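Colleague: Coordinates in target.txt, compact mmCIF, C-alpha atoms and all ligand atoms, are listed below.
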# COMPACT_ATOMS: atom_id res chain seq x y z
CA MET A 1 8.99 11.71 31.17
CA SER A 2 11.33 12.87 28.39
CA ALA A 3 12.83 10.37 25.98
CA THR A 4 16.60 9.92 25.81
CA PRO A 5 18.13 9.81 22.31
CA THR A 6 18.29 6.01 22.50
CA ASP A 7 14.72 5.25 23.54
CA ARG A 8 12.92 7.96 21.52
CA SER A 9 10.70 6.12 19.06
CA ALA A 10 7.91 6.77 16.60
CA VAL A 11 4.59 5.54 17.98
CA LEU A 12 1.52 4.90 15.84
CA SER A 13 -1.34 7.04 17.13
CA GLY A 14 -3.99 7.04 14.40
CA VAL A 15 -5.11 5.25 11.25
CA GLY A 16 -7.53 5.98 8.43
CA GLY A 17 -8.42 4.81 4.95
CA TRP A 18 -10.40 5.95 1.96
CA LEU A 19 -11.63 4.18 -1.14
CA PRO A 20 -13.26 6.00 -4.04
CA ARG A 21 -16.99 5.58 -4.30
CA ARG A 22 -17.17 3.58 -7.52
CA LYS A 23 -16.88 -0.16 -6.93
CA VAL A 24 -16.12 -2.27 -10.00
CA GLY A 25 -16.83 -6.00 -9.83
CA ASN A 26 -15.12 -8.63 -11.97
CA ASP A 27 -18.19 -9.08 -14.15
CA GLU A 28 -18.11 -5.41 -15.18
CA LEU A 29 -14.52 -5.87 -16.41
CA ALA A 30 -15.43 -9.14 -18.13
CA ASP A 31 -18.10 -7.26 -20.09
CA ARG A 32 -15.42 -5.31 -21.98
CA LEU A 33 -12.20 -7.34 -21.63
CA ASP A 34 -11.34 -10.88 -22.69
CA THR A 35 -11.50 -12.18 -19.13
CA ASP A 36 -13.94 -13.63 -16.63
CA ASP A 37 -14.67 -13.70 -12.92
CA ALA A 38 -13.35 -17.26 -12.52
CA TRP A 39 -9.92 -16.39 -14.02
CA ILE A 40 -9.55 -13.24 -11.94
CA ARG A 41 -10.58 -14.94 -8.70
CA SER A 42 -8.44 -18.02 -9.22
CA ARG A 43 -5.28 -16.07 -10.24
CA THR A 44 -5.59 -13.10 -7.86
CA GLY A 45 -8.36 -13.64 -5.29
CA ILE A 46 -9.83 -10.26 -6.31
CA ARG A 47 -13.63 -9.89 -6.50
CA SER A 48 -13.87 -6.12 -6.85
CA ARG A 49 -11.84 -2.92 -6.70
CA HIS A 50 -12.66 0.79 -6.38
CA LEU A 51 -11.81 3.21 -9.17
CA ALA A 52 -11.45 6.98 -8.86
CA ALA A 53 -13.76 9.25 -10.82
CA LEU A 54 -12.12 11.14 -13.70
CA GLU A 55 -11.92 14.33 -11.66
CA GLU A 56 -10.43 12.54 -8.60
CA ALA A 57 -6.63 12.68 -8.25
CA THR A 58 -4.25 11.04 -5.78
CA SER A 59 -4.27 14.10 -3.50
CA ASP A 60 -8.07 13.91 -3.19
CA LEU A 61 -7.87 10.35 -1.86
CA ALA A 62 -4.82 11.17 0.29
CA VAL A 63 -6.59 14.12 1.95
CA GLU A 64 -9.59 11.93 2.89
CA ALA A 65 -7.37 9.19 4.37
CA GLY A 66 -5.14 11.75 6.11
CA ARG A 67 -8.14 13.55 7.62
CA ARG A 68 -9.44 10.26 9.04
CA ALA A 69 -6.07 9.26 10.48
CA LEU A 70 -5.65 12.66 12.17
CA ALA A 71 -9.20 12.49 13.58
CA ASN A 72 -8.52 8.95 14.86
CA SER A 73 -5.34 10.17 16.58
CA GLY A 74 -7.18 13.04 18.25
CA ALA A 75 -4.69 15.53 16.81
CA ASP A 76 -5.22 18.22 14.20
CA THR A 77 -1.58 19.13 13.60
CA ALA A 78 1.53 17.44 12.23
CA ASP A 79 5.06 18.74 11.67
CA ALA A 80 5.55 16.68 8.54
CA VAL A 81 3.48 14.98 5.83
CA VAL A 82 5.00 12.15 3.82
CA VAL A 83 3.05 10.80 0.83
CA ALA A 84 4.09 7.52 -0.79
CA THR A 85 2.76 7.36 -4.34
CA THR A 86 3.53 6.21 -7.87
CA THR A 87 0.76 8.38 -9.29
CA PRO A 88 1.43 11.93 -8.06
CA ASP A 89 -1.06 14.62 -9.12
CA ARG A 90 1.70 16.12 -11.30
CA THR A 91 5.31 15.28 -12.15
CA CYS A 92 6.21 18.58 -10.44
CA PRO A 93 5.64 19.57 -7.67
CA ALA A 94 5.30 16.73 -5.15
CA THR A 95 1.78 15.87 -3.96
CA ALA A 96 2.51 16.07 -0.21
CA PRO A 97 2.63 19.91 0.10
CA LEU A 98 -0.82 20.19 -1.50
CA VAL A 99 -2.17 17.46 0.80
CA ALA A 100 -0.67 19.26 3.80
CA ALA A 101 -2.21 22.59 2.75
CA ARG A 102 -5.65 21.03 2.23
CA LEU A 103 -5.45 19.47 5.68
CA GLY A 104 -4.68 22.87 7.23
CA LEU A 105 -1.02 21.91 7.78
CA THR A 106 0.62 24.68 5.73
CA GLY A 107 4.15 25.12 7.04
CA ALA A 108 4.69 21.42 7.74
CA ALA A 109 7.59 19.67 6.01
CA ALA A 110 6.03 17.79 3.08
CA PHE A 111 7.53 15.46 0.50
CA ASP A 112 6.72 12.40 -1.61
CA VAL A 113 8.36 8.98 -1.47
CA GLY A 114 8.59 6.91 -4.66
CA ALA A 115 9.12 3.23 -3.97
CA VAL A 116 6.10 1.93 -5.91
CA CYS A 117 4.22 -0.75 -3.90
CA THR A 118 6.87 -0.66 -1.14
CA GLY A 119 6.31 3.09 -0.83
CA PHE A 120 4.33 3.02 2.40
CA VAL A 121 6.99 1.03 4.30
CA TYR A 122 9.68 3.42 3.01
CA ALA A 123 7.53 6.44 3.96
CA LEU A 124 6.94 4.96 7.41
CA ALA A 125 10.73 4.60 7.85
CA ALA A 126 11.21 8.21 6.70
CA GLY A 127 8.50 9.42 9.07
CA ALA A 128 9.94 7.43 11.97
CA GLY A 129 13.39 8.81 11.14
CA LEU A 130 12.10 12.39 11.31
CA ILE A 131 10.76 11.68 14.77
CA ILE A 132 13.76 9.74 16.12
CA SER A 133 16.15 12.44 14.87
CA GLY A 134 14.10 15.14 16.59
CA VAL A 135 13.16 16.93 13.34
CA ALA A 136 9.45 16.33 13.96
CA SER A 137 7.28 15.23 16.83
CA ARG A 138 4.17 14.26 14.83
CA VAL A 139 4.16 12.97 11.24
CA LEU A 140 1.29 12.06 8.93
CA VAL A 141 2.33 9.17 6.66
CA ILE A 142 0.04 8.49 3.70
CA GLY A 143 0.09 5.85 0.96
CA ALA A 144 -2.12 6.88 -1.98
CA ASP A 145 -2.38 5.73 -5.57
CA VAL A 146 -4.71 6.09 -8.54
CA TYR A 147 -3.38 3.27 -10.68
CA SER A 148 -6.37 3.54 -12.99
CA ARG A 149 -4.70 6.72 -14.37
CA ILE A 150 -1.58 4.82 -15.55
CA VAL A 151 -2.94 1.33 -16.29
CA ASP A 152 -4.28 0.92 -19.82
CA PRO A 153 -7.97 0.05 -19.29
CA GLU A 154 -7.68 -2.40 -22.21
CA ASP A 155 -4.72 -4.26 -20.62
CA ARG A 156 -6.47 -7.32 -19.23
CA GLN A 157 -3.53 -8.46 -17.10
CA ASN A 158 -3.21 -5.21 -15.13
CA ALA A 159 -6.72 -3.73 -15.35
CA VAL A 160 -8.08 -6.65 -13.32
CA VAL A 161 -5.37 -6.42 -10.64
CA PHE A 162 -5.11 -2.75 -9.68
CA GLY A 163 -7.50 -0.53 -7.72
CA ASP A 164 -7.37 3.03 -6.37
CA GLY A 165 -7.27 4.10 -2.73
CA ALA A 166 -5.45 5.78 0.12
CA GLY A 167 -4.50 4.88 3.67
CA ALA A 168 -2.74 6.87 6.36
CA VAL A 169 -1.23 6.65 9.82
CA VAL A 170 -0.17 9.28 12.32
CA LEU A 171 3.16 8.83 14.11
CA ARG A 172 4.02 10.71 17.30
CA ALA A 173 7.15 10.88 19.41
CA GLY A 174 7.23 8.35 22.21
CA HIS A 175 9.22 5.52 23.76
CA ALA A 176 10.37 2.25 22.24
CA SER A 177 8.68 0.34 25.10
CA GLU A 178 5.19 1.78 24.40
CA THR A 179 2.51 -0.14 22.55
CA GLY A 180 2.37 1.42 19.11
CA ALA A 181 6.18 1.75 18.84
CA ILE A 182 7.46 1.28 15.28
CA GLY A 183 10.57 -0.65 14.29
CA PRO A 184 12.92 -2.15 13.47
CA PHE A 185 12.87 -1.88 9.68
CA ASP A 186 14.40 -3.75 6.76
CA LEU A 187 14.55 -1.92 3.41
CA GLY A 188 16.19 -2.94 0.13
CA SER A 189 16.26 -2.53 -3.64
CA ASP A 190 17.60 -4.01 -6.88
CA GLY A 191 17.50 -1.49 -9.73
CA ALA A 192 18.92 -4.02 -12.21
CA HIS A 193 15.28 -5.08 -12.64
CA GLU A 194 13.85 -1.59 -13.29
CA ASP A 195 12.00 -2.85 -16.38
CA MET A 196 10.05 -5.53 -14.55
CA ILE A 197 7.48 -2.99 -13.30
CA THR A 198 7.54 0.28 -15.21
CA VAL A 199 5.92 3.19 -17.00
CA ALA A 200 8.67 3.63 -19.60
CA ALA A 201 7.71 7.10 -20.88
CA GLY A 202 7.00 10.33 -19.04
CA GLY A 203 10.28 10.90 -17.22
CA SER A 204 13.60 12.51 -18.15
CA ARG A 205 14.80 9.35 -19.94
CA LEU A 206 11.91 9.24 -22.37
CA PRO A 207 9.46 12.16 -22.28
CA ALA A 208 5.87 11.13 -23.03
CA ASP A 209 5.79 12.77 -26.46
CA PRO A 210 2.99 10.97 -28.35
CA GLY A 211 5.05 11.31 -31.56
CA ARG A 212 8.10 9.53 -30.09
CA THR A 213 6.57 6.99 -27.72
CA SER A 214 4.16 4.11 -28.12
CA HIS A 215 0.85 3.69 -26.33
CA ALA A 216 2.39 0.78 -24.38
CA GLU A 217 5.38 2.91 -23.26
CA ARG A 218 3.02 5.52 -21.86
CA HIS A 219 1.20 2.96 -19.70
CA PHE A 220 2.01 0.74 -16.74
CA ALA A 221 3.71 -2.53 -17.67
CA MET A 222 4.52 -5.49 -15.45
CA ARG A 223 6.16 -8.83 -16.22
CA GLY A 224 3.62 -10.58 -14.00
CA LYS A 225 5.10 -14.05 -13.69
CA GLU A 226 8.66 -12.84 -12.92
CA VAL A 227 7.33 -10.23 -10.51
CA TYR A 228 5.34 -12.94 -8.77
CA ARG A 229 8.48 -15.03 -8.15
CA HIS A 230 10.53 -12.05 -6.93
CA ALA A 231 7.66 -10.86 -4.73
CA VAL A 232 7.41 -14.19 -2.91
CA ALA A 233 11.18 -14.51 -2.41
CA ARG A 234 11.84 -10.90 -1.38
CA MET A 235 8.86 -10.56 0.94
CA THR A 236 9.74 -13.81 2.70
CA ASP A 237 13.44 -12.85 3.07
CA SER A 238 12.67 -9.32 4.22
CA ALA A 239 10.15 -10.54 6.82
CA ARG A 240 12.73 -13.00 8.18
CA THR A 241 15.42 -10.30 8.25
CA VAL A 242 13.34 -7.88 10.29
CA LEU A 243 12.30 -10.63 12.71
CA ASN A 244 15.99 -11.58 13.20
CA ARG A 245 16.85 -7.92 13.71
CA ALA A 246 14.23 -7.74 16.48
CA GLY A 247 15.29 -11.09 18.00
CA LEU A 248 11.81 -12.49 17.36
CA ASP A 249 10.45 -15.71 15.95
CA VAL A 250 7.66 -15.87 13.38
CA GLN A 251 5.40 -17.37 16.05
CA ASP A 252 5.68 -14.06 17.94
CA VAL A 253 3.74 -12.37 15.11
CA ASP A 254 0.03 -11.89 15.87
CA ARG A 255 -0.92 -10.15 12.60
CA PHE A 256 0.94 -10.26 9.30
CA VAL A 257 -0.05 -7.31 7.08
CA PRO A 258 1.64 -7.79 3.70
CA HIS A 259 1.31 -5.60 0.63
CA GLN A 260 -1.95 -6.76 -0.97
CA ALA A 261 -0.59 -7.73 -4.40
CA ASN A 262 -2.38 -10.98 -5.05
CA LEU A 263 -4.03 -13.45 -2.65
CA ARG A 264 -1.87 -16.31 -3.96
CA ILE A 265 1.30 -14.35 -3.18
CA LEU A 266 0.08 -13.57 0.34
CA ARG A 267 -0.82 -17.20 1.00
CA THR A 268 2.53 -18.44 -0.32
CA VAL A 269 4.56 -15.93 1.69
CA ALA A 270 2.59 -16.72 4.87
CA ALA A 271 3.08 -20.47 4.30
CA ASP A 272 6.82 -20.06 3.55
CA LEU A 273 7.22 -18.07 6.75
CA GLY A 274 5.32 -20.74 8.71
CA LEU A 275 2.46 -18.36 9.57
CA HIS A 276 -1.11 -19.64 9.60
CA ILE A 277 -3.17 -17.82 6.97
CA ASP A 278 -5.63 -16.77 9.71
CA ARG A 279 -2.95 -14.36 10.99
CA CYS A 280 -2.56 -12.77 7.56
CA ALA A 281 -4.61 -9.64 6.80
CA THR A 282 -6.25 -9.91 3.37
CA HIS A 283 -7.93 -6.92 1.89
CA VAL A 284 -7.10 -7.55 -1.75
CA GLU A 285 -10.41 -9.37 -2.41
CA THR A 286 -12.41 -6.13 -2.21
CA ALA A 287 -9.81 -3.46 -3.03
CA GLY A 288 -7.43 -5.11 -5.50
CA ASN A 289 -3.78 -4.07 -5.49
CA THR A 290 -3.86 -0.42 -4.40
CA GLY A 291 -0.08 0.12 -4.57
CA ALA A 292 1.32 2.29 -1.78
CA ALA A 293 -2.15 2.45 -0.20
CA SER A 294 -2.54 -1.27 0.33
CA ILE A 295 -0.80 -1.71 3.71
CA PRO A 296 -2.33 1.35 5.44
CA LEU A 297 -5.74 0.44 3.98
CA ALA A 298 -5.34 -3.08 5.39
CA LEU A 299 -4.38 -1.53 8.76
CA ALA A 300 -7.44 0.75 8.66
CA ALA A 301 -9.70 -2.17 7.75
CA GLY A 302 -8.10 -4.37 10.45
CA HIS A 303 -8.64 -1.67 13.06
CA ALA A 304 -12.25 -1.08 11.95
CA ASP A 305 -13.18 -4.77 12.13
CA ARG A 306 -11.04 -5.38 15.25
CA ALA A 307 -8.79 -7.95 13.65
CA LEU A 308 -5.99 -5.77 15.07
CA ARG A 309 -6.04 -5.66 18.87
CA PRO A 310 -4.03 -3.53 21.27
CA GLY A 311 -0.70 -5.18 22.02
CA ASP A 312 -0.72 -7.34 18.88
CA ARG A 313 2.74 -7.72 17.35
CA VAL A 314 2.27 -6.69 13.71
CA LEU A 315 4.61 -7.47 10.82
CA LEU A 316 4.37 -5.33 7.66
CA THR A 317 6.08 -6.57 4.48
CA ALA A 318 5.97 -5.08 0.99
CA PHE A 319 7.44 -5.56 -2.45
CA GLY A 320 7.20 -3.41 -5.56
CA GLY A 321 8.73 -1.85 -8.64
CA GLY A 322 12.33 -0.74 -8.53
CA LEU A 323 12.61 -3.47 -7.51
CA THR A 324 12.09 -2.49 -3.87
CA TRP A 325 11.12 -4.36 -0.72
CA GLY A 326 10.78 -3.64 2.96
CA SER A 327 9.45 -4.84 6.30
CA CYS A 328 8.67 -3.30 9.64
CA LEU A 329 7.53 -4.51 13.06
CA LEU A 330 5.24 -2.64 15.43
CA THR A 331 2.89 -3.30 18.31
CA TRP A 332 -0.70 -2.28 17.71
CA PRO A 333 -1.80 0.58 19.99
CA ALA A 334 -5.15 1.15 21.71
CA LEU A 335 -6.89 3.54 19.30
CA PRO A 336 -10.43 4.91 19.40
CA PRO A 337 -12.81 3.20 16.99
CA THR A 338 -12.69 4.83 13.56
CA ALA A 339 -15.69 7.02 12.80
CA GLU A 340 -16.07 5.64 9.29
CA PRO A 341 -14.79 2.42 7.73
CA PRO A 342 -12.61 2.79 4.61
CA HIS A 343 -15.17 0.96 2.48
CA HIS A 344 -18.15 2.94 1.40
CA GLY A 345 -18.42 2.35 -2.33
CA GLU A 346 -21.49 1.69 -4.37
CA GLU A 347 -21.97 -1.77 -5.80
CA SER A 348 -21.21 -1.92 -9.50
CA ALA A 349 -24.14 -2.28 -11.83
CA SER A 350 -23.20 -5.86 -12.79
O1 LIG B 401 2.31 -4.79 -6.52
C1 LIG B 401 3.61 -5.00 -7.00
C2 LIG B 401 3.89 -6.44 -7.13
N1 LIG B 401 2.99 -7.04 -8.05
C3 LIG B 401 2.78 -8.33 -7.99
O2 LIG B 401 3.30 -8.96 -7.10
C4 LIG B 401 1.94 -8.98 -9.06
C5 LIG B 401 2.57 -10.31 -9.41
N2 LIG B 401 1.94 -11.04 -10.49
C6 LIG B 401 0.68 -11.49 -10.49
O3 LIG B 401 -0.08 -11.23 -9.61
C7 LIG B 401 0.28 -12.43 -11.59
O4 LIG B 401 1.41 -12.73 -12.37
C8 LIG B 401 -0.86 -11.89 -12.50
C9 LIG B 401 -2.17 -11.88 -11.74
C10 LIG B 401 -0.53 -10.48 -12.95
C11 LIG B 401 -1.01 -12.84 -13.69
O5 LIG B 401 -1.29 -14.15 -13.22
P1 LIG B 401 -0.45 -15.42 -13.77
O6 LIG B 401 -1.00 -16.58 -13.12
O7 LIG B 401 1.01 -15.11 -13.55
O8 LIG B 401 -0.83 -15.42 -15.28
P2 LIG B 401 0.13 -15.37 -16.56
O9 LIG B 401 0.68 -13.99 -16.73
O10 LIG B 401 1.09 -16.50 -16.50
O11 LIG B 401 -0.88 -15.67 -17.71
C12 LIG B 401 -1.47 -16.96 -17.87
C13 LIG B 401 -2.42 -16.87 -19.02
C14 LIG B 401 -1.81 -16.23 -20.27
O12 LIG B 401 -2.33 -16.91 -21.40
P3 LIG B 401 -1.45 -18.03 -22.15
O13 LIG B 401 -0.19 -17.33 -22.58
O14 LIG B 401 -1.21 -19.08 -21.11
O15 LIG B 401 -2.33 -18.45 -23.28
C15 LIG B 401 -2.35 -14.82 -20.22
O16 LIG B 401 -2.44 -14.24 -21.52
O17 LIG B 401 -3.55 -16.06 -18.65
C16 LIG B 401 -3.72 -15.03 -19.65
N3 LIG B 401 -4.27 -13.87 -18.99
C17 LIG B 401 -5.59 -13.73 -18.77
N4 LIG B 401 -6.63 -14.52 -19.04
C18 LIG B 401 -7.86 -14.11 -18.67
C19 LIG B 401 -3.62 -12.78 -18.49
N5 LIG B 401 -4.50 -11.93 -17.94
C20 LIG B 401 -5.73 -12.50 -18.10
C21 LIG B 401 -7.04 -12.11 -17.73
N6 LIG B 401 -8.06 -12.95 -18.02
N7 LIG B 401 -7.30 -10.96 -17.06
Produce structure tokens that represent the structure in this file.
Ligand code: UT7

Modeller:
Amino acid sequence: MSATPTDRSAVLSGVGGWLPRRKVGNDELADRLDTDDAWIRSRTGIRSRHLAALEEATSDLAVEAGRRALANSGADTADAVVVATTTPDRTCPATAPLVAARLGLTGAAAFDVGAVCTGFVYALAAGAGLIISGVASRVLVIGADVYSRIVDPEDRQNAVVFGDGAGAVVLRAGHASETGAIGPFDLGSDGAHEDMITVAAGGSRLPADPGRTSHAERHFAMRGKEVYRHAVARMTDSARTVLNRAGLDVQDVDRFVPHQANLRILRTVAADLGLHIDRCATHVETAGNTGAASIPLALAAGHADRALRPGDRVLLTAFGGGLTWGSCLLTWPALPPTAEPPHHGEESAS
């Protein structure tokens, strides 16, 4: 059965996740920063996060997640690789072509998407667009970040919040009526607030010349309290918008998979939407905020522990620097069990 232009859709056909081996508990951070486990848990819900080794870059995590998603989908090819990241291996070139080459996909279209913590939802929309427009018939969409490379390890606000990781999904061409079909989407931005989440130096505006820039300008900065308020408002609005677009009510949502920024934000957004917290995927407790990786990692974890069941209506909602936000609906497909769960790290010494 061939799809007509109107019913051709991107269908999710595989998922995978990868966390670096080193697991860092709150007590290990409290040993060197002016913080403690009780503060971190009460303000963020985070108990531990995984941090990349010094020699591990974003592409290394992305390749592991991508390999798992492809294996889960039963395919070993893709026409396009889209990597959402805020921490590319290098400023130039993009990370996606290297990831494609390392996965044996040389020749595939490959590009990065920069939408900070909303990056995965934007990349999913880009991947779905490539399929719906007929440019590609299978796309690997990866969210991968190594925030520990841009967060100042002495910055107690951000060092406790962020973790490193990668998650990936495979999209294939199919029909809008199939389980696994992706869409509709809602995407938005407000660049008037570019300073709310930023690494000020290192781009064309302010090159990261140590003589001309401060230590703070060369590291990740976030106005936490303001971001918190915007995150709650934008995620709630965007989730409602995409539900309206689909003609659905919030009670039609079986699993809500929001960007894992902070457990309090997730609980507030779920409550504001009128969704019971039991329907909300929470992965932040053991991975922290992994940026563009957080939603696909939560999908991989939800698939591994069977919180996501075939036919479930799933709502993805994200918010991040830019400011950017976005939401997407999909039905969860029947996928083979994943060979390996995304969590495999060692316990921290403390
Ligand atoms: O992923 C993209 C989107 N990101 C987000 O959505 C993150 C949104 N923001 C947040 O998650 C929270 O704002 C944080 C977790 C980052 C901070 O939590 P908060 O409840 O907003 O704390 P705060 O910034 O208002 O700080 C309260 C106090 C301050 O002390 P004073 O001024 O009241 O004396 C901070 O200096 O807590 C202090 N503080 C800490 N204390 C112990 C900040 N970080 C720490 C820390 N340990 N790690």

Colleague: Using all atoms listed in the file, which protein or nucleic acid residues are at most 7 Å from ligand LIG 401 (chain B), as a PyMOL selection string?

Modeller: chain A and resi 34-36+39-40+43-44+117+156-158+160-161+224-225+227-228+231+261-262+265+289+291+319-321

Colleague: Could you tell me which of A:Ile131, A:Ala144, A:Ala69, A:Leu297 comes closest to Pro337 (chain A) if we count all atoms listed in the file?

Modeller: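 Of the candidates, the smallest distance to Pro337 (chain A) is held by A:Ala69.
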
Colleague: Using all atoms listed in the file, can you tell me which of A:Ala128, A:Met196, A:Val146, A:Ala301 comes closest to Ala57 (chain A)?

Modeller: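 Using all atoms listed in the file, the shortest distance to Ala57 (chain A) belongs to A:Val146.
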
Colleague: Could you name the residues that touch Ala53 (chain A) at 10 Å or less, counting all atoms listed in the file, but leaving out those on the same chain fewer than 5 positions away, as a PyMOL selection string?

Modeller: chain A and resi 20-22+146+148+164

Colleague: Just write the chosen residues, C-alpha atoms, as an mmCIF file, in the frame of the given file.

Modeller:
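To be explicit, this is the file written out as again-v8.cif:
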data_model
loop_
_atom_site.group_PDB
_atom_site.id
_atom_site.type_symbol
_atom_site.label_atom_id
_atom_site.label_comp_id
_atom_site.auth_asym_id
_atom_site.auth_seq_id
_atom_site.Cartn_x
_atom_site.Cartn_y
_atom_site.Cartn_z
ATOM 1 C CA PRO A 20 -13.260 6.000 -4.040
ATOM 2 C CA ARG A 21 -16.990 5.580 -4.300
ATOM 3 C CA ARG A 22 -17.170 3.580 -7.520
ATOM 4 C CA VAL A 146 -4.710 6.090 -8.540
ATOM 5 C CA SER A 148 -6.370 3.540 -12.990
ATOM 6 C CA ASP A 164 -7.370 3.030 -6.370
#

Colleague: Closest to Arg8 (chain A) among A:Ser137, A:Thr95, A:Asn26, A:Thr77, using only C-alpha atoms?

Modeller: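 Going through A:Ser137, A:Thr95, A:Asn26, A:Thr77 one by one, the smallest distance to Arg8 (chain A) is for A:Ser137.
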
Colleague: Which is closest to Ala287 (chain A) among A:Gly17, A:Gly274, A:Gly163, A:Pro153, if we use all atoms listed in the file?

Modeller: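 Of A:Gly17, A:Gly274, A:Gly163, A:Pro153, the one nearest Ala287 (chain A) is A:Gly163, counting all atoms listed in the file.
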
Colleague: What is the CA of Arg90 (chain A) to CA of Arg218 (chain A) distance in Å?

Modeller: 15.0 Å

Colleague: What is the distance between CA of Thr118 (chain A) and CA of Thr236 (chain A), in Å to one decimal?

Modeller: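 Rounded to one decimal, the two atoms are 14.0 Å apart.
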
Colleague: Which polymer residues, protein or nucleic acid, are no farther than 12 Å from (-0.1, 16.0, -10.7), counting only C-alpha atoms, as an NGL selection string?

Modeller: :A and (55-60 or 85-99 or 112 or 145-146 or 149)

Colleague: Could you write out the selected residues, including C-alpha atoms, as a tab-separated table (two decimals), in the frame of the given file?

Modeller:
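Result saved to selection13.tsv:
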chain	number	residue	atom	x	y	z
A	55	GLU	CA	-11.92	14.33	-11.66
A	56	GLU	CA	-10.43	12.54	-8.60
A	57	ALA	CA	-6.63	12.68	-8.25
A	58	THR	CA	-4.25	11.04	-5.78
A	59	SER	CA	-4.27	14.10	-3.50
A	60	ASP	CA	-8.07	13.91	-3.19
A	85	THR	CA	2.76	7.36	-4.34
A	86	THR	CA	3.53	6.21	-7.87
A	87	THR	CA	0.76	8.38	-9.29
A	88	PRO	CA	1.43	11.93	-8.06
A	89	ASP	CA	-1.06	14.62	-9.12
A	90	ARG	CA	1.70	16.12	-11.30
A	91	THR	CA	5.31	15.28	-12.15
A	92	CYS	CA	6.21	18.58	-10.44
A	93	PRO	CA	5.64	19.57	-7.67
A	94	ALA	CA	5.30	16.73	-5.15
A	95	THR	CA	1.78	15.87	-3.96
A	96	ALA	CA	2.51	16.07	-0.21
A	97	PRO	CA	2.63	19.91	0.10
A	98	LEU	CA	-0.82	20.19	-1.50
A	99	VAL	CA	-2.17	17.46	0.80
A	112	ASP	CA	6.72	12.40	-1.61
A	145	ASP	CA	-2.38	5.73	-5.57
A	146	VAL	CA	-4.71	6.09	-8.54
A	149	ARG	CA	-4.70	6.72	-14.37

Colleague: Will you give me region 111-137 of chain A, written with C-alpha atoms and laid out as a tab-separated table (two decimals), in the first residue's frame?

Modeller:
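Here's the written file part.tsv:
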chain	number	residue	atom	x	y	z
A	111	PHE	CA	23.01	18.03	10.11
A	112	ASP	CA	22.74	19.42	13.65
A	113	VAL	CA	19.78	21.22	15.21
A	114	GLY	CA	20.44	23.89	17.86
A	115	ALA	CA	17.40	24.58	20.01
A	116	VAL	CA	19.02	23.87	23.39
A	117	CYS	CA	16.73	21.73	25.61
A	118	THR	CA	13.93	21.87	23.00
A	119	GLY	CA	16.37	20.50	20.42
A	120	PHE	CA	15.01	16.97	20.29
A	121	VAL	CA	11.44	18.09	19.54
A	122	TYR	CA	12.74	20.42	16.81
A	123	ALA	CA	14.93	17.62	15.40
A	124	LEU	CA	11.96	15.25	15.45
A	125	ALA	CA	9.94	17.82	13.46
A	126	ALA	CA	12.83	18.19	11.00
A	127	GLY	CA	13.14	14.41	10.65
A	128	ALA	CA	9.38	14.00	10.19
A	129	GLY	CA	9.45	16.79	7.60
A	130	LEU	CA	12.17	15.01	5.61
A	131	ILE	CA	9.98	11.93	5.50
A	132	ILE	CA	6.66	13.65	4.75
A	133	SER	CA	8.26	15.67	1.94
A	134	GLY	CA	9.69	12.50	0.41
A	135	VAL	CA	13.34	13.55	0.88
A	136	ALA	CA	14.03	10.55	3.12
A	137	SER	CA	12.31	7.32	4.00
